[in-house]
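**Student:** Next comes data.txt, compact mmCIF, N, CA and C atoms:
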# COMPACT_ATOMS: atom_id res chain seq x y z
N MET J 12 122.23 117.06 104.02
CA MET J 12 123.07 115.97 104.48
C MET J 12 123.46 115.08 103.30
N ARG J 13 124.72 114.78 103.18
CA ARG J 13 125.23 113.94 102.10
C ARG J 13 124.97 112.47 102.43
N LEU J 14 124.45 111.76 101.45
CA LEU J 14 124.15 110.34 101.64
C LEU J 14 125.39 109.51 101.36
N ASP J 15 125.55 108.43 102.09
CA ASP J 15 126.66 107.50 101.89
C ASP J 15 126.45 106.78 100.55
N PRO J 16 127.34 106.99 99.58
CA PRO J 16 127.15 106.39 98.26
C PRO J 16 127.07 104.86 98.28
N ALA J 17 127.85 104.23 99.15
CA ALA J 17 127.82 102.76 99.23
C ALA J 17 126.47 102.28 99.77
N LEU J 18 125.94 102.99 100.75
CA LEU J 18 124.63 102.62 101.30
C LEU J 18 123.53 102.85 100.28
N VAL J 19 123.61 103.95 99.55
CA VAL J 19 122.62 104.22 98.49
C VAL J 19 122.68 103.11 97.44
N GLU J 20 123.88 102.74 97.03
CA GLU J 20 124.04 101.70 96.00
C GLU J 20 123.50 100.34 96.46
N GLU J 21 123.83 99.96 97.70
CA GLU J 21 123.37 98.67 98.20
C GLU J 21 121.84 98.64 98.35
N THR J 22 121.29 99.70 98.90
CA THR J 22 119.84 99.78 99.06
C THR J 22 119.15 99.78 97.70
N HIS J 23 119.68 100.58 96.78
CA HIS J 23 119.14 100.62 95.42
C HIS J 23 119.16 99.23 94.80
N GLY J 24 120.24 98.50 95.03
CA GLY J 24 120.36 97.15 94.47
C GLY J 24 119.25 96.23 94.94
N TRP J 25 118.93 96.26 96.22
CA TRP J 25 117.85 95.43 96.74
C TRP J 25 116.51 95.82 96.10
N PHE J 26 116.26 97.12 96.02
CA PHE J 26 114.97 97.55 95.45
C PHE J 26 114.91 97.33 93.94
N ALA J 27 116.03 97.41 93.26
CA ALA J 27 116.04 97.12 91.82
C ALA J 27 115.73 95.64 91.58
N LYS J 28 116.31 94.77 92.40
CA LYS J 28 116.00 93.33 92.27
C LYS J 28 114.53 93.07 92.58
N ALA J 29 114.01 93.74 93.61
CA ALA J 29 112.60 93.59 93.95
C ALA J 29 111.71 94.06 92.81
N ALA J 30 112.07 95.18 92.19
CA ALA J 30 111.28 95.70 91.06
C ALA J 30 111.31 94.72 89.89
N ALA J 31 112.45 94.09 89.66
CA ALA J 31 112.54 93.09 88.59
C ALA J 31 111.67 91.88 88.90
N ASP J 32 111.65 91.45 90.17
CA ASP J 32 110.79 90.33 90.56
C ASP J 32 109.32 90.68 90.35
N LEU J 33 108.95 91.92 90.66
CA LEU J 33 107.56 92.36 90.42
C LEU J 33 107.25 92.32 88.94
N ARG J 34 108.18 92.77 88.13
CA ARG J 34 107.95 92.78 86.67
C ARG J 34 107.78 91.37 86.12
N VAL J 35 108.61 90.46 86.58
CA VAL J 35 108.50 89.06 86.14
C VAL J 35 107.15 88.49 86.57
N ALA J 36 106.74 88.79 87.80
CA ALA J 36 105.44 88.30 88.28
C ALA J 36 104.30 88.87 87.45
N GLU J 37 104.39 90.15 87.10
CA GLU J 37 103.36 90.76 86.26
C GLU J 37 103.29 90.10 84.88
N LEU J 38 104.46 89.85 84.29
CA LEU J 38 104.50 89.19 82.98
C LEU J 38 103.95 87.77 83.08
N ALA J 39 104.27 87.07 84.16
CA ALA J 39 103.75 85.71 84.35
C ALA J 39 102.23 85.72 84.49
N LEU J 40 101.69 86.75 85.11
CA LEU J 40 100.23 86.85 85.26
C LEU J 40 99.57 87.14 83.92
N GLU J 41 100.26 87.89 83.06
CA GLU J 41 99.71 88.25 81.75
C GLU J 41 99.91 87.16 80.70
N ALA J 42 100.74 86.16 81.00
CA ALA J 42 101.02 85.09 80.03
C ALA J 42 99.74 84.34 79.69
N ASP J 43 99.74 83.69 78.55
CA ASP J 43 98.58 82.92 78.12
C ASP J 43 99.01 81.48 77.89
N PRO J 44 98.72 80.59 78.81
CA PRO J 44 97.99 80.77 80.06
C PRO J 44 98.90 81.39 81.13
N PRO J 45 98.32 81.98 82.16
CA PRO J 45 99.13 82.59 83.22
C PRO J 45 99.98 81.54 83.93
N LEU J 46 101.15 81.96 84.35
CA LEU J 46 102.08 81.09 85.07
C LEU J 46 101.95 81.44 86.56
N LEU J 47 100.89 80.94 87.17
CA LEU J 47 100.48 81.39 88.49
C LEU J 47 101.47 81.06 89.60
N GLY J 48 102.12 79.91 89.51
CA GLY J 48 103.14 79.58 90.50
C GLY J 48 104.30 80.57 90.46
N HIS J 49 104.63 81.03 89.27
CA HIS J 49 105.70 82.02 89.12
C HIS J 49 105.26 83.39 89.61
N VAL J 50 103.99 83.69 89.48
CA VAL J 50 103.47 84.97 89.99
C VAL J 50 103.66 85.04 91.50
N VAL J 51 103.22 84.01 92.21
CA VAL J 51 103.31 84.06 93.67
C VAL J 51 104.76 83.97 94.14
N PHE J 52 105.60 83.22 93.43
CA PHE J 52 107.01 83.16 93.79
C PHE J 52 107.64 84.55 93.61
N GLY J 53 107.35 85.20 92.50
CA GLY J 53 107.88 86.54 92.26
C GLY J 53 107.39 87.54 93.29
N ALA J 54 106.13 87.41 93.69
CA ALA J 54 105.57 88.30 94.71
C ALA J 54 106.31 88.11 96.04
N GLN J 55 106.56 86.86 96.41
CA GLN J 55 107.28 86.58 97.65
C GLN J 55 108.69 87.14 97.57
N GLN J 56 109.36 86.91 96.46
CA GLN J 56 110.73 87.38 96.30
C GLN J 56 110.80 88.91 96.33
N ALA J 57 109.88 89.56 95.67
CA ALA J 57 109.86 91.03 95.67
C ALA J 57 109.63 91.57 97.07
N THR J 58 108.74 90.95 97.80
CA THR J 58 108.46 91.37 99.18
C THR J 58 109.69 91.20 100.04
N GLU J 59 110.29 90.05 99.97
CA GLU J 59 111.49 89.76 100.75
C GLU J 59 112.61 90.76 100.45
N LYS J 60 112.86 91.01 99.18
CA LYS J 60 113.95 91.91 98.80
C LYS J 60 113.63 93.37 99.15
N SER J 61 112.39 93.76 99.04
CA SER J 61 112.01 95.12 99.44
C SER J 61 112.26 95.33 100.93
N ILE J 62 111.85 94.36 101.73
CA ILE J 62 112.07 94.44 103.17
C ILE J 62 113.56 94.49 103.47
N LYS J 63 114.33 93.64 102.82
CA LYS J 63 115.77 93.62 103.08
C LYS J 63 116.42 94.93 102.66
N GLY J 64 115.96 95.53 101.58
CA GLY J 64 116.47 96.84 101.17
C GLY J 64 116.20 97.90 102.22
N PHE J 65 115.00 97.87 102.78
CA PHE J 65 114.62 98.81 103.83
C PHE J 65 115.50 98.62 105.06
N LEU J 66 115.75 97.36 105.41
CA LEU J 66 116.60 97.05 106.56
C LEU J 66 118.04 97.50 106.32
N VAL J 67 118.55 97.27 105.12
CA VAL J 67 119.90 97.71 104.78
C VAL J 67 120.01 99.22 104.98
N TRP J 68 119.04 99.96 104.46
CA TRP J 68 119.08 101.41 104.59
C TRP J 68 119.17 101.85 106.05
N HIS J 69 118.49 101.10 106.90
CA HIS J 69 118.45 101.45 108.32
C HIS J 69 119.55 100.76 109.14
N GLY J 70 120.54 100.18 108.45
CA GLY J 70 121.69 99.60 109.14
C GLY J 70 121.39 98.35 109.94
N GLN J 71 120.33 97.65 109.56
CA GLN J 71 119.94 96.43 110.28
C GLN J 71 120.53 95.20 109.61
N VAL J 72 121.08 94.33 110.42
CA VAL J 72 121.61 93.06 109.94
C VAL J 72 120.47 92.05 110.00
N PHE J 73 120.38 91.20 108.99
CA PHE J 73 119.35 90.16 108.96
C PHE J 73 119.99 88.88 108.49
N ARG J 74 119.42 87.78 108.93
CA ARG J 74 119.98 86.50 108.48
C ARG J 74 119.37 86.12 107.13
N ARG J 75 120.03 85.21 106.45
CA ARG J 75 119.52 84.72 105.17
C ARG J 75 118.28 83.89 105.45
N THR J 76 117.14 84.44 105.05
CA THR J 76 115.88 83.76 105.31
C THR J 76 114.85 84.23 104.29
N HIS J 77 113.86 83.37 104.07
CA HIS J 77 112.69 83.76 103.26
C HIS J 77 111.53 84.15 104.17
N ALA J 78 111.71 84.07 105.48
CA ALA J 78 110.63 84.27 106.44
C ALA J 78 110.27 85.76 106.57
N ILE J 79 109.20 86.13 105.92
CA ILE J 79 108.77 87.53 105.92
C ILE J 79 108.39 87.98 107.32
N GLU J 80 107.83 87.10 108.12
CA GLU J 80 107.48 87.49 109.49
C GLU J 80 108.73 87.91 110.27
N GLU J 81 109.77 87.13 110.15
CA GLU J 81 111.01 87.43 110.89
C GLU J 81 111.61 88.78 110.49
N ILE J 82 111.80 88.97 109.20
CA ILE J 82 112.40 90.25 108.77
C ILE J 82 111.39 91.39 108.87
N GLY J 83 110.12 91.06 108.77
CA GLY J 83 109.08 92.06 108.96
C GLY J 83 109.08 92.62 110.37
N GLU J 84 109.37 91.78 111.36
CA GLU J 84 109.46 92.25 112.74
C GLU J 84 110.58 93.29 112.88
N GLN J 85 111.65 93.10 112.14
CA GLN J 85 112.74 94.08 112.16
C GLN J 85 112.29 95.41 111.57
N VAL J 86 111.48 95.34 110.52
CA VAL J 86 110.92 96.56 109.92
C VAL J 86 110.05 97.28 110.94
N LEU J 87 109.21 96.53 111.65
CA LEU J 87 108.30 97.13 112.62
C LEU J 87 109.04 97.76 113.79
N ALA J 88 110.21 97.25 114.11
CA ALA J 88 111.03 97.86 115.16
C ALA J 88 111.51 99.25 114.72
N ILE J 89 111.60 99.45 113.41
CA ILE J 89 112.01 100.74 112.85
C ILE J 89 110.81 101.66 112.67
N ASP J 90 109.72 101.09 112.14
CA ASP J 90 108.54 101.90 111.82
C ASP J 90 107.29 101.05 112.01
N ASP J 91 106.68 101.16 113.19
CA ASP J 91 105.51 100.32 113.49
C ASP J 91 104.25 100.74 112.73
N SER J 92 104.30 101.87 112.03
CA SER J 92 103.14 102.26 111.22
C SER J 92 102.99 101.36 109.99
N LEU J 93 103.97 100.52 109.73
CA LEU J 93 103.91 99.57 108.60
C LEU J 93 103.27 98.24 108.99
N GLU J 94 102.77 98.14 110.21
CA GLU J 94 102.28 96.86 110.74
C GLU J 94 101.23 96.21 109.85
N SER J 95 100.26 96.95 109.39
CA SER J 95 99.19 96.33 108.60
C SER J 95 99.74 95.78 107.28
N LEU J 96 100.66 96.49 106.65
CA LEU J 96 101.25 96.00 105.39
C LEU J 96 102.12 94.77 105.62
N VAL J 97 102.90 94.78 106.68
CA VAL J 97 103.75 93.62 106.99
C VAL J 97 102.88 92.43 107.33
N ASP J 98 101.86 92.64 108.16
CA ASP J 98 100.99 91.53 108.56
C ASP J 98 100.34 90.85 107.36
N VAL J 99 99.88 91.64 106.41
CA VAL J 99 99.22 91.05 105.25
C VAL J 99 100.22 90.35 104.32
N ALA J 100 101.50 90.73 104.42
CA ALA J 100 102.53 90.12 103.57
C ALA J 100 103.09 88.82 104.14
N VAL J 101 102.95 88.60 105.44
CA VAL J 101 103.54 87.42 106.08
C VAL J 101 103.16 86.10 105.38
N PRO J 102 101.89 85.89 105.00
CA PRO J 102 101.55 84.63 104.35
C PRO J 102 102.25 84.39 103.00
N LEU J 103 102.85 85.41 102.42
CA LEU J 103 103.57 85.22 101.15
C LEU J 103 104.81 84.34 101.35
N THR J 104 105.28 84.20 102.57
CA THR J 104 106.47 83.40 102.85
C THR J 104 106.40 82.03 102.20
N GLU J 105 105.26 81.37 102.31
CA GLU J 105 105.15 80.00 101.80
C GLU J 105 105.34 79.91 100.29
N TYR J 106 105.18 81.02 99.59
CA TYR J 106 105.36 80.99 98.14
C TYR J 106 106.82 80.86 97.72
N ALA J 107 107.73 80.99 98.67
CA ALA J 107 109.15 80.77 98.37
C ALA J 107 109.41 79.31 98.02
N TRP J 108 108.52 78.42 98.46
CA TRP J 108 108.75 77.00 98.24
C TRP J 108 107.49 76.23 97.82
N ARG J 109 106.31 76.71 98.12
CA ARG J 109 105.08 75.91 98.01
C ARG J 109 104.81 75.34 96.62
N PHE J 110 105.01 76.11 95.58
CA PHE J 110 104.66 75.66 94.22
C PHE J 110 105.90 75.47 93.35
N ARG J 111 107.06 75.31 93.95
CA ARG J 111 108.32 75.34 93.20
C ARG J 111 108.78 73.99 92.65
N TYR J 112 108.31 72.89 93.19
CA TYR J 112 108.90 71.61 92.85
C TYR J 112 107.84 70.60 92.40
N PRO J 113 108.25 69.60 91.60
CA PRO J 113 107.30 68.58 91.18
C PRO J 113 106.68 67.89 92.40
N GLY J 114 105.41 67.57 92.28
CA GLY J 114 104.71 66.90 93.36
C GLY J 114 104.12 67.86 94.38
N ASP J 115 104.40 69.16 94.21
CA ASP J 115 103.83 70.16 95.10
C ASP J 115 102.35 70.31 94.81
N PRO J 116 101.64 71.07 95.63
CA PRO J 116 100.21 71.28 95.37
C PRO J 116 100.02 71.90 93.99
N PRO J 117 98.81 71.79 93.47
CA PRO J 117 98.54 72.42 92.17
C PRO J 117 98.75 73.93 92.26
N ALA J 118 98.82 74.57 91.13
CA ALA J 118 99.07 76.01 91.08
C ALA J 118 98.02 76.79 91.87
N PRO J 119 98.40 77.96 92.35
CA PRO J 119 97.42 78.80 93.04
C PRO J 119 96.36 79.28 92.06
N SER J 120 95.27 79.76 92.60
CA SER J 120 94.23 80.31 91.73
C SER J 120 94.68 81.66 91.16
N HIS J 121 94.01 82.09 90.12
CA HIS J 121 94.30 83.38 89.52
C HIS J 121 94.07 84.49 90.55
N GLU J 122 93.02 84.36 91.34
CA GLU J 122 92.71 85.35 92.37
C GLU J 122 93.81 85.40 93.43
N GLU J 123 94.27 84.24 93.86
CA GLU J 123 95.34 84.17 94.86
C GLU J 123 96.62 84.81 94.33
N ALA J 124 96.95 84.51 93.08
CA ALA J 124 98.15 85.07 92.48
C ALA J 124 98.04 86.59 92.34
N GLY J 125 96.90 87.06 91.88
CA GLY J 125 96.70 88.51 91.74
C GLY J 125 96.79 89.23 93.07
N SER J 126 96.23 88.62 94.10
CA SER J 126 96.28 89.20 95.43
C SER J 126 97.71 89.26 95.95
N ALA J 127 98.47 88.20 95.76
CA ALA J 127 99.87 88.17 96.20
C ALA J 127 100.67 89.27 95.52
N LEU J 128 100.43 89.44 94.23
CA LEU J 128 101.15 90.48 93.49
C LEU J 128 100.77 91.87 94.00
N GLU J 129 99.53 92.09 94.28
CA GLU J 129 99.08 93.38 94.79
C GLU J 129 99.71 93.68 96.16
N ILE J 130 99.77 92.68 97.02
CA ILE J 130 100.39 92.84 98.34
C ILE J 130 101.86 93.22 98.18
N ALA J 131 102.55 92.51 97.29
CA ALA J 131 103.98 92.78 97.06
C ALA J 131 104.19 94.19 96.52
N ARG J 132 103.38 94.59 95.56
CA ARG J 132 103.48 95.94 94.98
C ARG J 132 103.27 97.01 96.05
N ASP J 133 102.21 96.83 96.84
CA ASP J 133 101.88 97.83 97.87
C ASP J 133 103.01 97.99 98.88
N LEU J 134 103.55 96.88 99.35
CA LEU J 134 104.63 96.95 100.34
C LEU J 134 105.88 97.59 99.72
N HIS J 135 106.21 97.17 98.51
CA HIS J 135 107.38 97.71 97.81
C HIS J 135 107.26 99.24 97.69
N GLN J 136 106.11 99.70 97.23
CA GLN J 136 105.90 101.14 97.03
C GLN J 136 105.94 101.89 98.35
N GLU J 137 105.35 101.34 99.38
CA GLU J 137 105.31 102.02 100.68
C GLU J 137 106.69 102.10 101.31
N LEU J 138 107.47 101.04 101.22
CA LEU J 138 108.82 101.08 101.76
C LEU J 138 109.67 102.09 101.01
N LEU J 139 109.57 102.09 99.69
CA LEU J 139 110.33 103.06 98.89
C LEU J 139 109.93 104.49 99.22
N ALA J 140 108.66 104.72 99.47
CA ALA J 140 108.17 106.07 99.76
C ALA J 140 108.80 106.62 101.05
N ARG J 141 109.30 105.74 101.90
CA ARG J 141 109.88 106.16 103.17
C ARG J 141 111.39 106.32 103.10
N LEU J 142 111.93 106.20 101.91
CA LEU J 142 113.38 106.31 101.71
C LEU J 142 113.68 107.44 100.73
N PRO J 143 114.92 107.91 100.73
CA PRO J 143 115.28 108.98 99.78
C PRO J 143 115.13 108.53 98.33
N SER J 144 114.82 109.46 97.48
CA SER J 144 114.60 109.15 96.06
C SER J 144 115.83 108.53 95.41
N GLU J 145 117.00 108.81 95.94
CA GLU J 145 118.25 108.28 95.35
C GLU J 145 118.32 106.75 95.36
N VAL J 146 117.57 106.10 96.21
CA VAL J 146 117.64 104.63 96.27
C VAL J 146 116.60 103.96 95.38
N ARG J 147 115.73 104.74 94.79
CA ARG J 147 114.65 104.17 93.98
C ARG J 147 115.18 103.69 92.62
N PRO J 148 114.70 102.52 92.20
CA PRO J 148 115.12 102.01 90.88
C PRO J 148 114.54 102.85 89.75
So that I can check it, write out the structure of this file as structure tokens.

**Tutor:**
Amino acid sequence: MRLDPALVEETHGWFAKAAADLRVAELALEADPPLLGHVVFGAQQATEKSIKGFLVWHGQVFRRTHAIEEIGEQVLAIDDSLESLVDVAVPLTEYAWRFRYPGDPPAPSHEEAGSALEIARDLHQELLARLPSEVRP
């Protein structure tokens, strides 16, 4: 079956952006000192974009939101075997805003940042594994 080139390109674009967010988060974690607020923000962004890429591939429309629970529910309507990964990713939503502005809470712990990055990586890889290789960055 021939794949729709426009759909492949759009899906690839979402996953490429997600992969870049993961890379930035990894570099922020390796920085001396680590930039932990940037790690969790990158993890949230990578998760959000990976989910949106998966939804695009499956022809699902989603609203502009950072709410992983909301778009995660759309993923589960497509493939409920992803429930445990989506559930563990839902708390990453708050990283879209929690540490972004002056006066916000202090930076997350190194452990919290590492965990967020691992969750984002796992979800990204699992969603990609369920799509054709042509959409992979």

**Student:** Rounded to one decimal in Å, what is the spacing between atom CA of J:Asp115 and atom C of J:Leu103?

**Tutor:**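 These two atoms are separated by 15.5 Å.
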
**Student:** Check the smallest atom-to-atom distance from each of J:Leu93, J:Ala57, J:Ala42, J:Ile62 to J:Arg132 using all atoms listed in the file, then report the winner.

**Tutor:** J:Ala57

**Student:** Let me make sure I understand: among J:Glu80, J:Asp15, J:Asp32, J:Glu41, which one has the smallest atom-to-atom distance to J:Gln55 if we use only C-alpha atoms?

**Tutor:** J:Asp32

**Student:** Quick check, in Å to one decimal: how far apart do atom C of J:Ile89 and atom CA of J:Gly64 lie?

**Tutor:**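 A separation of 13.7 Å between them.
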
**Student:** Smallest atom-to-atom distance to J:Trp108: which of J:Ser126, J:Leu38, J:Gly83, J:Val51, using all atoms listed in the file?

**Tutor:**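 Nearest candidate to J:Trp108 out of J:Ser126, J:Leu38, J:Gly83, J:Val51: J:Val51.
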
**Student:** Suppose you want the space between atom CA of J:Ala27 and atom N of J:Leu46; what is it in Å?

**Tutor:**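 Atom-to-atom, atom CA of J:Ala27 to atom N of J:Leu46, that is 22.5 Å.
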
**Student:** Write out as a ChimeraX atom specification all residues of chain J that DSSP puts in alpha helix (DSSP H) for this structure's backbone.

**Tutor:** /J:16-41,47-68,79-89,94-100,121-140

**Student:** When you count all atoms listed in the file, which of these residues is closest to J:Glu105: J:Ala88, J:Phe52, J:Trp68, J:Ile82?

**Tutor:**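 Of all the options, J:Phe52 lies closest to J:Glu105.
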
**Student:** Tell me which of J:Trp25, J:Arg141, J:His49, J:Phe110 sits closest to J:Glu37, counting only C-alpha atoms.

**Tutor:** J:His49

**Student:** Which is closer to J:Glu81 than all the others in J:Glu94, J:Thr22, J:Arg147, J:Val101, using only C-alpha atoms?

**Tutor:**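 That would be J:Val101, the residue with the smallest distance to J:Glu81.
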
**Student:** Can you pull out every residue within 7 Å of J:Gln56, counting only N, CA and C atoms, but drop anything in the same chain fewer than 2 positions away, and send it as a list in words?

**Tutor:**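 After dropping sequence-adjacent residues, the list is Lys28, Ala29, Asp32, Leu33, Val51, Phe52, Gly53, Ala54, Thr58, Glu59, Lys60, Ser61, Tyr106 and Ala107 of chain J.
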
**Student:** Which residues are near J:Ile130? Cut-off 8 Å, only C-alpha atoms, ignore same chain within fewer than 3 positions. Put them as a list in words.

**Tutor:**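 So, after excluding close chain neighbours, the residues are Ala54, Leu96, Val99, Ala100, Ser126, Ala127, Asp133 and Leu134 of chain J.
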
**Student:** Name the residues in contact with J:Leu40 at a cut-off of 10 Å, using only C-alpha atoms, excluding same-chain residues fewer than 3 positions from it; report them as a PyMOL selection string.

**Tutor:** chain J and resi 34-37+43-51+121+124-125+128
